[in-house]
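Only one structure is covered here, and it is reproduced in the block below.
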Amino acid sequence: MSASDTRLEKQKARHRAPLIVLGLCLAAAALAMLFYVSYGFTEGQDPAGAERQIEVAPGGGQIDAAED
């Protein structure tokens, strides 16, 4: 059962500001996450170490990066 007098227009007016603020917070969080991820990719460093890099592939095989 629903209430007989819901005053829908009044409820819309009362909830408009909190919903806008919630949307802005979600947008800011999405932008912050995008910045964080893109910063990590752009500021990442190449592997340090020996001149010849050897990577271990899934399954235990080795990949010699110098042969590529």
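Identifiers for the structure tokens are assigned positionally: chains receive A, B, ... in sequence, residues are indexed from 1 per chain, and ligands are indexed from 1 in the order shown.
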
- Task: Return as a ChimeraX atom specification the full set of residues in stretch 21-52 of chain A whose backbone-based DSSP assignment is alpha helix (DSSP H).
- Result: /A:21-42

Would you put the residues from that selection into a file with C-alpha atoms, as a CSV table (one decimal), in the first residue's frame?
chain,number,residue,atom,x,y,z
A,21,VAL,CA,25.7,16.9,-4.5
A,22,LEU,CA,25.8,13.1,-4.7
A,23,GLY,CA,26.3,13.2,-8.5
A,24,LEU,CA,29.1,15.8,-8.2
A,25,CYS,CA,30.8,13.6,-5.6
A,26,LEU,CA,30.6,10.6,-7.8
A,27,ALA,CA,31.9,12.6,-10.8
A,28,ALA,CA,34.8,13.9,-8.7
A,29,ALA,CA,35.7,10.4,-7.5
A,30,ALA,CA,35.6,9.1,-11.0
A,31,LEU,CA,38.0,11.9,-12.2
A,32,ALA,CA,40.3,11.3,-9.2
A,33,MET,CA,40.5,7.6,-10.1
A,34,LEU,CA,41.1,8.4,-13.7
A,35,PHE,CA,43.9,10.8,-12.8
A,36,TYR,CA,45.4,8.2,-10.4
A,37,VAL,CA,45.5,5.5,-13.0
A,38,SER,CA,46.7,7.7,-15.8
A,39,TYR,CA,49.4,9.1,-13.5
A,40,GLY,CA,50.6,5.6,-12.7
A,41,PHE,CA,50.9,4.7,-16.3
A,42,THR,CA,52.6,7.9,-17.4

- Can you tell me how far atom CA of A:Ser2 sits from atom CA of A:His15, in Å to one decimal? 19.3 Å

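If you look at atom CA of A:Pro58 and atom CA of A:Gln45, they are 22.1 Å away from each other.
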